[in-house]
file entry.pdb (PDB, C-alpha atoms)
ATOM      1  CA  MET A1015     -50.068  15.798  78.977  1.00  0.00           C
ATOM      2  CA  THR A1016     -48.654  18.994  77.511  1.00  0.00           C
ATOM      3  CA  ARG A1017     -47.090  20.002  74.241  1.00  0.00           C
ATOM      4  CA  ASP A1018     -43.698  19.947  75.992  1.00  0.00           C
ATOM      5  CA  ASP A1019     -44.341  16.358  77.128  1.00  0.00           C
ATOM      6  CA  ILE A1020     -45.081  15.364  73.539  1.00  0.00           C
ATOM      7  CA  VAL A1021     -41.955  17.058  72.200  1.00  0.00           C
ATOM      8  CA  ALA A1022     -39.772  15.457  74.890  1.00  0.00           C
ATOM      9  CA  ALA A1023     -41.245  12.021  74.101  1.00  0.00           C
ATOM     10  CA  ALA A1024     -40.759  12.552  70.376  1.00  0.00           C
ATOM     11  CA  LEU A1025     -37.119  13.458  70.948  1.00  0.00           C
ATOM     12  CA  ARG A1026     -36.648  10.330  73.093  1.00  0.00           C
ATOM     13  CA  VAL A1027     -38.030   8.184  70.261  1.00  0.00           C
ATOM     14  CA  ILE A1028     -35.763   9.874  67.710  1.00  0.00           C
ATOM     15  CA  ASP A1029     -32.705   9.595  69.972  1.00  0.00           C
ATOM     16  CA  THR A1030     -33.396   5.931  70.700  1.00  0.00           C
ATOM     17  CA  ASP A1031     -34.691   4.532  67.433  1.00  0.00           C
ATOM     18  CA  GLY A1032     -34.266   7.194  64.764  1.00  0.00           C
ATOM     19  CA  LEU A1033     -36.492   9.527  62.821  1.00  0.00           C
ATOM     20  CA  ASP A1034     -38.295   6.787  60.883  1.00  0.00           C
ATOM     21  CA  ALA A1035     -39.501   5.250  64.165  1.00  0.00           C
ATOM     22  CA  LEU A1036     -41.429   8.382  65.093  1.00  0.00           C
ATOM     23  CA  THR A1037     -45.095   7.883  64.293  1.00  0.00           C
ATOM     24  CA  MET A1038     -48.101   9.289  66.082  1.00  0.00           C
ATOM     25  CA  ARG A1039     -48.967   5.757  67.220  1.00  0.00           C
ATOM     26  CA  ARG A1040     -45.457   5.211  68.626  1.00  0.00           C
ATOM     27  CA  LEU A1041     -45.534   8.615  70.282  1.00  0.00           C
ATOM     28  CA  GLY A1042     -48.873   7.836  71.910  1.00  0.00           C
ATOM     29  CA  ALA A1043     -47.508   4.518  73.168  1.00  0.00           C
ATOM     30  CA  GLU A1044     -44.448   6.310  74.570  1.00  0.00           C
ATOM     31  CA  LEU A1045     -46.750   8.640  76.494  1.00  0.00           C
ATOM     32  CA  GLY A1046     -49.273   5.956  77.463  1.00  0.00           C
ATOM     33  CA  VAL A1047     -52.138   7.602  75.571  1.00  0.00           C
ATOM     34  CA  ALA A1048     -54.100   6.974  72.390  1.00  0.00           C
ATOM     35  CA  ALA A1049     -52.469   8.510  69.326  1.00  0.00           C
ATOM     36  CA  MET A1050     -55.643  10.491  68.629  1.00  0.00           C
ATOM     37  CA  SER A1051     -55.207  12.446  71.865  1.00  0.00           C
ATOM     38  CA  LEU A1052     -51.953  13.918  70.508  1.00  0.00           C
ATOM     39  CA  TYR A1053     -53.826  15.791  67.785  1.00  0.00           C
ATOM     40  CA  ARG A1054     -55.327  18.099  70.405  1.00  0.00           C
ATOM     41  CA  HIS A1055     -51.818  19.488  70.939  1.00  0.00           C
ATOM     42  CA  LEU A1056     -50.081  19.073  67.571  1.00  0.00           C
ATOM     43  CA  SER A1057     -51.993  18.649  64.329  1.00  0.00           C
ATOM     44  CA  ASN A1058     -49.847  15.945  62.698  1.00  0.00           C
ATOM     45  CA  ARG A1059     -46.396  14.344  62.516  1.00  0.00           C
ATOM     46  CA  ASP A1060     -44.981  17.330  60.633  1.00  0.00           C
ATOM     47  CA  ALA A1061     -46.111  19.620  63.441  1.00  0.00           C
ATOM     48  CA  VAL A1062     -44.404  17.315  65.944  1.00  0.00           C
ATOM     49  CA  LEU A1063     -41.202  17.406  63.873  1.00  0.00           C
ATOM     50  CA  ALA A1064     -41.340  21.208  63.643  1.00  0.00           C
ATOM     51  CA  ALA A1065     -41.772  21.405  67.416  1.00  0.00           C
ATOM     52  CA  VAL A1066     -38.780  19.083  67.915  1.00  0.00           C
ATOM     53  CA  VAL A1067     -36.667  21.275  65.601  1.00  0.00           C
ATOM     54  CA  ASN A1068     -37.611  24.400  67.563  1.00  0.00           C
ATOM     55  CA  HIS A1069     -36.924  22.616  70.859  1.00  0.00           C
ATOM     56  CA  LEU A1070     -33.471  21.494  69.716  1.00  0.00           C
ATOM     57  CA  ALA A1071     -32.669  24.969  68.405  1.00  0.00           C
ATOM     58  CA  ALA A1072     -33.529  26.363  71.827  1.00  0.00           C
ATOM     59  CA  GLU A1073     -31.010  23.906  73.329  1.00  0.00           C
ATOM     60  CA  ALA A1074     -28.347  25.510  71.137  1.00  0.00           C
ATOM     61  CA  VAL A1075     -28.876  28.978  72.559  1.00  0.00           C
ATOM     62  CA  THR A1076     -25.867  29.990  74.561  1.00  0.00           C
ATOM     63  CA  ASP A1077     -25.333  32.420  77.360  1.00  0.00           C
ATOM     64  CA  LEU A1078     -22.985  35.134  76.206  1.00  0.00           C
ATOM     65  CA  GLU A1079     -20.413  36.871  78.312  1.00  0.00           C
ATOM     66  CA  PRO A1080     -21.107  40.607  78.775  1.00  0.00           C
ATOM     67  CA  GLY A1081     -18.032  41.662  76.823  1.00  0.00           C
ATOM     68  CA  ASP A1082     -18.280  39.143  73.984  1.00  0.00           C
ATOM     69  CA  SER A1083     -17.729  40.597  70.532  1.00  0.00           C
ATOM     70  CA  TRP A1084     -19.864  39.430  67.625  1.00  0.00           C
ATOM     71  CA  SER A1085     -17.070  37.066  66.542  1.00  0.00           C
ATOM     72  CA  GLU A1086     -16.844  35.527  70.019  1.00  0.00           C
ATOM     73  CA  ALA A1087     -20.638  35.204  70.176  1.00  0.00           C
ATOM     74  CA  LEU A1088     -20.690  33.589  66.730  1.00  0.00           C
ATOM     75  CA  THR A1089     -17.951  31.146  67.711  1.00  0.00           C
ATOM     76  CA  ARG A1090     -19.738  30.307  70.955  1.00  0.00           C
ATOM     77  CA  PHE A1091     -23.000  29.720  69.035  1.00  0.00           C
ATOM     78  CA  GLY A1092     -21.251  27.362  66.585  1.00  0.00           C
ATOM     79  CA  THR A1093     -19.658  25.399  69.396  1.00  0.00           C
ATOM     80  CA  VAL A1094     -22.867  25.061  71.420  1.00  0.00           C
ATOM     81  CA  TYR A1095     -24.889  24.170  68.314  1.00  0.00           C
ATOM     82  CA  ARG A1096     -22.428  21.399  67.483  1.00  0.00           C
ATOM     83  CA  ARG A1097     -22.553  20.099  71.058  1.00  0.00           C
ATOM     84  CA  MET A1098     -26.348  19.895  70.834  1.00  0.00           C
ATOM     85  CA  LEU A1099     -26.207  18.101  67.480  1.00  0.00           C
ATOM     86  CA  LEU A1100     -23.702  15.542  68.734  1.00  0.00           C
ATOM     87  CA  ALA A1101     -25.893  14.943  71.795  1.00  0.00           C
ATOM     88  CA  HIS A1102     -28.782  14.050  69.442  1.00  0.00           C
ATOM     89  CA  PRO A1103     -27.064  12.364  66.463  1.00  0.00           C
ATOM     90  CA  ARG A1104     -30.215  10.723  65.137  1.00  0.00           C
ATOM     91  CA  ALA A1105     -31.922  14.126  65.012  1.00  0.00           C
ATOM     92  CA  VAL A1106     -29.233  15.692  62.804  1.00  0.00           C
ATOM     93  CA  PRO A1107     -30.960  14.632  59.540  1.00  0.00           C
ATOM     94  CA  LEU A1108     -34.187  16.209  60.842  1.00  0.00           C
ATOM     95  CA  LEU A1109     -32.445  19.533  61.446  1.00  0.00           C
ATOM     96  CA  ALA A1110     -30.834  19.293  58.016  1.00  0.00           C
ATOM     97  CA  THR A1111     -34.179  18.856  56.253  1.00  0.00           C
ATOM     98  CA  HIS A1112     -36.708  20.778  58.364  1.00  0.00           C
ATOM     99  CA  PRO A1113     -35.982  24.484  58.689  1.00  0.00           C
ATOM    100  CA  MET A1114     -36.651  26.212  61.937  1.00  0.00           C
ATOM    101  CA  ASP A1115     -39.454  28.719  62.306  1.00  0.00           C
ATOM    102  CA  ILE A1116     -37.916  32.074  61.283  1.00  0.00           C
ATOM    103  CA  ASP A1117     -39.512  34.164  64.021  1.00  0.00           C
ATOM    104  CA  ALA A1118     -38.493  31.660  66.694  1.00  0.00           C
ATOM    105  CA  GLY A1119     -34.976  31.606  65.276  1.00  0.00           C
ATOM    106  CA  LEU A1120     -34.690  35.373  65.407  1.00  0.00           C
ATOM    107  CA  ARG A1121     -35.867  35.384  69.026  1.00  0.00           C
ATOM    108  CA  LEU A1122     -33.448  32.624  69.986  1.00  0.00           C
ATOM    109  CA  MET A1123     -30.505  34.267  68.236  1.00  0.00           C
ATOM    110  CA  GLY A1124     -31.285  37.748  69.540  1.00  0.00           C
ATOM    111  CA  GLY A1125     -28.246  37.891  71.827  1.00  0.00           C
ATOM    112  CA  VAL A1126     -25.864  36.938  69.032  1.00  0.00           C
ATOM    113  CA  LEU A1127     -27.523  39.290  66.551  1.00  0.00           C
ATOM    114  CA  ASP A1128     -27.337  42.133  69.088  1.00  0.00           C
ATOM    115  CA  ARG A1129     -23.541  41.774  69.155  1.00  0.00           C
ATOM    116  CA  PHE A1130     -23.407  42.373  65.408  1.00  0.00           C
ATOM    117  CA  ALA A1131     -25.654  45.423  65.737  1.00  0.00           C
ATOM    118  CA  ALA A1132     -23.476  46.796  68.553  1.00  0.00           C
ATOM    119  CA  ALA A1133     -20.499  46.572  66.198  1.00  0.00           C
ATOM    120  CA  GLY A1134     -22.366  48.545  63.527  1.00  0.00           C
ATOM    121  CA  LEU A1135     -23.135  45.600  61.268  1.00  0.00           C
ATOM    122  CA  SER A1136     -26.505  45.255  59.596  1.00  0.00           C
ATOM    123  CA  GLN A1137     -28.994  42.522  60.382  1.00  0.00           C
ATOM    124  CA  ALA A1138     -28.505  41.180  56.856  1.00  0.00           C
ATOM    125  CA  GLU A1139     -24.750  40.852  57.457  1.00  0.00           C
ATOM    126  CA  ALA A1140     -25.376  39.250  60.837  1.00  0.00           C
ATOM    127  CA  LEU A1141     -27.881  36.752  59.454  1.00  0.00           C
ATOM    128  CA  THR A1142     -25.520  35.809  56.632  1.00  0.00           C
ATOM    129  CA  ALA A1143     -22.749  35.072  59.130  1.00  0.00           C
ATOM    130  CA  VAL A1144     -24.991  33.203  61.583  1.00  0.00           C
ATOM    131  CA  GLN A1145     -26.701  31.138  58.882  1.00  0.00           C
ATOM    132  CA  SER A1146     -23.360  30.322  57.256  1.00  0.00           C
ATOM    133  CA  VAL A1147     -21.951  29.074  60.549  1.00  0.00           C
ATOM    134  CA  ALA A1148     -25.152  27.142  61.293  1.00  0.00           C
ATOM    135  CA  VAL A1149     -25.018  25.373  57.921  1.00  0.00           C
ATOM    136  CA  PHE A1150     -21.311  24.597  58.353  1.00  0.00           C
ATOM    137  CA  VAL A1151     -21.936  23.153  61.819  1.00  0.00           C
ATOM    138  CA  LEU A1152     -24.910  21.131  60.623  1.00  0.00           C
ATOM    139  CA  GLY A1153     -23.009  19.742  57.640  1.00  0.00           C
ATOM    140  CA  HIS A1154     -20.016  18.931  59.795  1.00  0.00           C
ATOM    141  CA  ALA A1155     -22.199  17.110  62.334  1.00  0.00           C
ATOM    142  CA  LEU A1156     -23.918  15.202  59.528  1.00  0.00           C
ATOM    143  CA  ALA A1157     -20.506  14.114  58.215  1.00  0.00           C
ATOM    144  CA  GLN A1158     -19.511  13.011  61.717  1.00  0.00           C
ATOM    145  CA  VAL A1159     -22.632  11.145  62.839  1.00  0.00           C
ATOM    146  CA  GLY A1160     -24.754  10.638  59.743  1.00  0.00           C
ATOM    147  CA  THR A1161     -25.676   7.261  58.370  1.00  0.00           C
ATOM    148  CA  PRO A1162     -27.536   6.450  55.168  1.00  0.00           C
ATOM    149  CA  PRO A1163     -31.332   6.170  55.606  1.00  0.00           C
ATOM    150  CA  GLY A1164     -32.471   2.757  56.722  1.00  0.00           C
ATOM    151  CA  THR A1165     -29.129   1.735  58.214  1.00  0.00           C
ATOM    152  CA  PRO A1166     -28.475   1.173  61.898  1.00  0.00           C
ATOM    153  CA  ALA A1167     -26.890   3.864  64.010  1.00  0.00           C
ATOM    154  CA  ALA A1168     -23.185   4.404  63.494  1.00  0.00           C
ATOM    155  CA  PRO A1169     -20.888   2.542  65.864  1.00  0.00           C
ATOM    156  CA  PRO A1170     -19.311   4.569  68.665  1.00  0.00           C
ATOM    157  CA  GLU A1171     -16.394   6.729  67.584  1.00  0.00           C
ATOM    158  CA  THR A1172     -12.885   5.928  68.598  1.00  0.00           C
ATOM    159  CA  PRO A1173     -11.034   8.695  70.456  1.00  0.00           C
ATOM    160  CA  GLU A1174      -8.823   9.194  67.386  1.00  0.00           C
ATOM    161  CA  VAL A1175     -11.822   9.741  65.115  1.00  0.00           C
ATOM    162  CA  ALA A1176     -13.452  12.098  67.616  1.00  0.00           C
ATOM    163  CA  GLU A1177     -10.214  14.106  67.860  1.00  0.00           C
ATOM    164  CA  TYR A1178      -9.981  14.308  64.056  1.00  0.00           C
ATOM    165  CA  TYR A1179     -13.493  15.726  63.816  1.00  0.00           C
ATOM    166  CA  GLU A1180     -12.780  18.143  66.673  1.00  0.00           C
ATOM    167  CA  ARG A1181      -9.669  19.535  64.915  1.00  0.00           C
ATOM    168  CA  TRP A1182     -11.518  19.740  61.609  1.00  0.00           C
ATOM    169  CA  PHE A1183     -14.437  21.560  63.224  1.00  0.00           C
ATOM    170  CA  ASP A1184     -12.220  24.013  65.105  1.00  0.00           C
ATOM    171  CA  ALA A1185     -10.231  24.828  61.950  1.00  0.00           C
ATOM    172  CA  GLY A1186     -13.360  25.312  59.857  1.00  0.00           C
ATOM    173  CA  LEU A1187     -15.188  27.443  62.405  1.00  0.00           C
ATOM    174  CA  THR A1188     -12.112  29.601  63.009  1.00  0.00           C
ATOM    175  CA  ALA A1189     -11.659  30.091  59.259  1.00  0.00           C
ATOM    176  CA  MET A1190     -15.305  31.075  58.788  1.00  0.00           C
ATOM    177  CA  VAL A1191     -15.384  33.554  61.648  1.00  0.00           C
ATOM    178  CA  SER A1192     -12.008  35.004  60.626  1.00  0.00           C
ATOM    179  CA  GLY A1193     -13.255  35.349  57.059  1.00  0.00           C
ATOM    180  CA  PHE A1194     -16.337  37.250  58.181  1.00  0.00           C
ATOM    181  CA  ALA A1195     -14.169  39.447  60.421  1.00  0.00           C
ATOM    182  CA  ALA A1196     -11.845  40.268  57.511  1.00  0.00           C
ATOM    183  CA  ARG A1197     -14.813  40.988  55.275  1.00  0.00           C
ATOM    184  CA  HIS A1198     -16.380  43.343  57.825  1.00  0.00           C
ATOM    185  CA  ARG A1199     -13.115  45.229  58.388  1.00  0.00           C
ATOM    186  CA  ARG A1200     -13.199  46.371  54.750  1.00  0.00           C
TER     187      ARG A1200
END
call {"tool": "encode", "arguments": {"input": "entry.pdb", "output": "structure tokens"}}
result
Amino acid sequence: MTRDDIVAAALRVIDTDGLDALTMRRLGAELGVAAMSLYRHLSNRDAVLAAVVNHLAAEAVTDLEPGDSWSEALTRFGTVYRRMLLAHPRAVPLLATHPMDIDAGLRLMGGVLDRFAAAGLSQAEALTAVQSVAVFVLGHALAQVGTPPGTPAAPPETPEVAEYYERWFDAGLTAMVSGFAARHRR
């Protein structure tokens, strides 16, 4: 059993039964081991949750095209991040309440941040844009798939509802990226 095995099992529990279902005992049962053996790899439930957050963030890393501008890279990041969130709807509240490790985030976002630097924008400007898009995407996903704590998972979306959220997301992301582009042109 490895740390990656534990994180994958934790994500399966969250995806299947929600965040509240994830306990060290349940995780051990999922892996076929005693819960105490998990502590050799991750010190407690919070450490498991942090590892799941970092794992999901890594899923949102996108391959950039060689000629992508910072605005194209930022748009691609927002789109891929949303896709990951919608693939793990029961994990969205976790990502909304447990920040990612900063150093890991900087490593994961290096390709996007490099596009800002290549355009002559500072890291502070780049981080403001990336974090703003990330928070927009997270909030949008929470609006789309979120349910109040303690309630069952939301019923499947109708195609009309999914299309509404898609249009809303596209409009919001385009407006944000365009706003940052206008701001940086000044």
call {"tool": "atom_distance", "arguments": {"input": "entry.pdb", "atom1": "atom CA of Gln1137 of chain A", "atom2": "atom CA of Ala1064 of chain A"}}
result
24.8 Å
call {"tool": "atom_distance", "arguments": {"input": "entry.pdb", "atom1": "atom CA of Met1015 of chain A", "atom2": "atom CA of Leu1070 of chain A"}}
result
19.8 Å
call {"tool": "resolve_selection", "arguments": {"input": "entry.pdb", "expression": "the PyMOL selection byres ((chain A and resi 1093-1105) around 7)", "output": "PyMOL selection string"}}
result
chain A and resi 1028-1029+1032-1033+1073-1074+1076+1089-1092+1106-1109+1151+1155+1159
call {"tool": "closest_residue", "arguments": {"input": "entry.pdb", "among": "A:Gln1145, A:Asp1034, A:Arg1039, A:Phe1130", "to": "Thr1165 of chain A", "atoms": "all atoms listed in the file"}}
result
A:Asp1034
call {"tool": "closest_residue", "arguments": {"input": "entry.pdb", "among": "A:Asp1128, A:Thr1111, A:Arg1121, A:Ser1057", "to": "Ala1087 of chain A", "atoms": "all atoms listed in the file"}}
result
A:Asp1128
call {"tool": "build_atoms", "arguments": {"input": "entry.pdb", "residues": "segment 1089-1100 of chain A", "atoms": "all heavy atoms", "output": "PDB file, keeping the file's coordinate frame"}}
result
ATOM      1  N   THR A1089     -18.732  32.350  67.432  1.00  0.00           N
ATOM      2  CA  THR A1089     -17.951  31.146  67.711  1.00  0.00           C
ATOM      3  C   THR A1089     -18.613  30.329  68.815  1.00  0.00           C
ATOM      4  O   THR A1089     -18.724  29.102  68.712  1.00  0.00           O
ATOM      5  CB  THR A1089     -16.509  31.521  68.104  1.00  0.00           C
ATOM      6  OG1 THR A1089     -15.907  32.239  67.020  1.00  0.00           O
ATOM      7  CG2 THR A1089     -15.680  30.295  68.430  1.00  0.00           C
ATOM      8  N   ARG A1090     -19.067  31.000  69.848  1.00  0.00           N
ATOM      9  CA  ARG A1090     -19.738  30.307  70.955  1.00  0.00           C
ATOM     10  C   ARG A1090     -21.009  29.621  70.449  1.00  0.00           C
ATOM     11  O   ARG A1090     -21.305  28.487  70.793  1.00  0.00           O
ATOM     12  CB  ARG A1090     -20.062  31.286  72.078  1.00  0.00           C
ATOM     13  CG  ARG A1090     -20.515  30.610  73.350  1.00  0.00           C
ATOM     14  CD  ARG A1090     -20.817  31.620  74.446  1.00  0.00           C
ATOM     15  NE  ARG A1090     -19.782  32.593  74.681  1.00  0.00           N
ATOM     16  CZ  ARG A1090     -18.807  32.471  75.574  1.00  0.00           C
ATOM     17  NH1 ARG A1090     -18.747  31.394  76.316  1.00  0.00           N
ATOM     18  NH2 ARG A1090     -17.913  33.421  75.732  1.00  0.00           N
ATOM     19  N   PHE A1091     -21.789  30.325  69.611  1.00  0.00           N
ATOM     20  CA  PHE A1091     -23.000  29.720  69.035  1.00  0.00           C
ATOM     21  C   PHE A1091     -22.643  28.459  68.257  1.00  0.00           C
ATOM     22  O   PHE A1091     -23.272  27.415  68.430  1.00  0.00           O
ATOM     23  CB  PHE A1091     -23.736  30.706  68.123  1.00  0.00           C
ATOM     24  CG  PHE A1091     -24.640  30.032  67.141  1.00  0.00           C
ATOM     25  CD1 PHE A1091     -25.796  29.389  67.568  1.00  0.00           C
ATOM     26  CD2 PHE A1091     -24.330  30.009  65.790  1.00  0.00           C
ATOM     27  CE1 PHE A1091     -26.629  28.733  66.665  1.00  0.00           C
ATOM     28  CE2 PHE A1091     -25.152  29.365  64.880  1.00  0.00           C
ATOM     29  CZ  PHE A1091     -26.302  28.719  65.315  1.00  0.00           C
ATOM     30  N   GLY A1092     -21.637  28.528  67.385  1.00  0.00           N
ATOM     31  CA  GLY A1092     -21.251  27.362  66.585  1.00  0.00           C
ATOM     32  C   GLY A1092     -20.845  26.184  67.446  1.00  0.00           C
ATOM     33  O   GLY A1092     -21.217  25.032  67.181  1.00  0.00           O
ATOM     34  N   THR A1093     -20.117  26.453  68.498  1.00  0.00           N
ATOM     35  CA  THR A1093     -19.658  25.399  69.396  1.00  0.00           C
ATOM     36  C   THR A1093     -20.819  24.764  70.158  1.00  0.00           C
ATOM     37  O   THR A1093     -20.903  23.531  70.270  1.00  0.00           O
ATOM     38  CB  THR A1093     -18.618  25.973  70.380  1.00  0.00           C
ATOM     39  OG1 THR A1093     -17.534  26.531  69.612  1.00  0.00           O
ATOM     40  CG2 THR A1093     -18.080  24.917  71.318  1.00  0.00           C
ATOM     41  N   VAL A1094     -21.722  25.585  70.670  1.00  0.00           N
ATOM     42  CA  VAL A1094     -22.867  25.061  71.420  1.00  0.00           C
ATOM     43  C   VAL A1094     -23.826  24.315  70.486  1.00  0.00           C
ATOM     44  O   VAL A1094     -24.374  23.267  70.847  1.00  0.00           O
ATOM     45  CB  VAL A1094     -23.577  26.196  72.190  1.00  0.00           C
ATOM     46  CG1 VAL A1094     -24.881  25.725  72.813  1.00  0.00           C
ATOM     47  CG2 VAL A1094     -22.648  26.755  73.257  1.00  0.00           C
ATOM     48  N   TYR A1095     -24.021  24.838  69.286  1.00  0.00           N
ATOM     49  CA  TYR A1095     -24.889  24.170  68.314  1.00  0.00           C
ATOM     50  C   TYR A1095     -24.341  22.782  67.984  1.00  0.00           C
ATOM     51  O   TYR A1095     -25.073  21.795  67.958  1.00  0.00           O
ATOM     52  CB  TYR A1095     -25.009  25.041  67.065  1.00  0.00           C
ATOM     53  CG  TYR A1095     -25.982  24.561  66.024  1.00  0.00           C
ATOM     54  CD1 TYR A1095     -27.196  23.971  66.349  1.00  0.00           C
ATOM     55  CD2 TYR A1095     -25.684  24.722  64.666  1.00  0.00           C
ATOM     56  CE1 TYR A1095     -28.088  23.552  65.369  1.00  0.00           C
ATOM     57  CE2 TYR A1095     -26.571  24.312  63.683  1.00  0.00           C
ATOM     58  CZ  TYR A1095     -27.767  23.715  64.047  1.00  0.00           C
ATOM     59  OH  TYR A1095     -28.633  23.306  63.071  1.00  0.00           O
ATOM     60  N   ARG A1096     -23.045  22.695  67.771  1.00  0.00           N
ATOM     61  CA  ARG A1096     -22.428  21.399  67.483  1.00  0.00           C
ATOM     62  C   ARG A1096     -22.608  20.448  68.663  1.00  0.00           C
ATOM     63  O   ARG A1096     -22.923  19.272  68.480  1.00  0.00           O
ATOM     64  CB  ARG A1096     -20.951  21.565  67.162  1.00  0.00           C
ATOM     65  CG  ARG A1096     -20.254  20.241  66.896  1.00  0.00           C
ATOM     66  CD  ARG A1096     -18.834  20.472  66.414  1.00  0.00           C
ATOM     67  NE  ARG A1096     -18.187  19.231  66.109  1.00  0.00           N
ATOM     68  CZ  ARG A1096     -17.236  18.693  66.868  1.00  0.00           C
ATOM     69  NH1 ARG A1096     -16.826  19.300  67.971  1.00  0.00           N
ATOM     70  NH2 ARG A1096     -16.683  17.561  66.512  1.00  0.00           N
ATOM     71  N   ARG A1097     -22.398  20.935  69.871  1.00  0.00           N
ATOM     72  CA  ARG A1097     -22.553  20.099  71.058  1.00  0.00           C
ATOM     73  C   ARG A1097     -23.975  19.522  71.122  1.00  0.00           C
ATOM     74  O   ARG A1097     -24.173  18.350  71.424  1.00  0.00           O
ATOM     75  CB  ARG A1097     -22.244  20.909  72.318  1.00  0.00           C
ATOM     76  CG  ARG A1097     -22.180  20.075  73.585  1.00  0.00           C
ATOM     77  CD  ARG A1097     -21.796  20.893  74.811  1.00  0.00           C
ATOM     78  NE  ARG A1097     -20.644  21.720  74.583  1.00  0.00           N
ATOM     79  CZ  ARG A1097     -20.589  23.036  74.844  1.00  0.00           C
ATOM     80  NH1 ARG A1097     -21.617  23.659  75.383  1.00  0.00           N
ATOM     81  NH2 ARG A1097     -19.502  23.728  74.600  1.00  0.00           N
ATOM     82  N   MET A1098     -24.968  20.367  70.829  1.00  0.00           N
ATOM     83  CA  MET A1098     -26.348  19.895  70.834  1.00  0.00           C
ATOM     84  C   MET A1098     -26.558  18.832  69.756  1.00  0.00           C
ATOM     85  O   MET A1098     -27.179  17.797  69.999  1.00  0.00           O
ATOM     86  CB  MET A1098     -27.309  21.073  70.618  1.00  0.00           C
ATOM     87  CG  MET A1098     -28.787  20.672  70.599  1.00  0.00           C
ATOM     88  SD  MET A1098     -29.404  20.022  69.028  1.00  0.00           S
ATOM     89  CE  MET A1098     -29.260  21.444  67.966  1.00  0.00           C
ATOM     90  N   LEU A1099     -26.031  19.061  68.568  1.00  0.00           N
ATOM     91  CA  LEU A1099     -26.207  18.101  67.480  1.00  0.00           C
ATOM     92  C   LEU A1099     -25.569  16.754  67.820  1.00  0.00           C
ATOM     93  O   LEU A1099     -26.157  15.695  67.568  1.00  0.00           O
ATOM     94  CB  LEU A1099     -25.614  18.651  66.182  1.00  0.00           C
ATOM     95  CG  LEU A1099     -26.350  19.842  65.577  1.00  0.00           C
ATOM     96  CD1 LEU A1099     -25.525  20.463  64.461  1.00  0.00           C
ATOM     97  CD2 LEU A1099     -27.727  19.458  65.086  1.00  0.00           C
ATOM     98  N   LEU A1100     -24.379  16.794  68.393  1.00  0.00           N
ATOM     99  CA  LEU A1100     -23.702  15.542  68.734  1.00  0.00           C
ATOM    100  C   LEU A1100     -24.393  14.822  69.889  1.00  0.00           C
ATOM    101  O   LEU A1100     -24.292  13.600  70.008  1.00  0.00           O
ATOM    102  CB  LEU A1100     -22.230  15.802  69.056  1.00  0.00           C
ATOM    103  CG  LEU A1100     -21.392  16.323  67.882  1.00  0.00           C
ATOM    104  CD1 LEU A1100     -19.945  16.530  68.314  1.00  0.00           C
ATOM    105  CD2 LEU A1100     -21.484  15.423  66.657  1.00  0.00           C
TER     106      LEU A1100
END
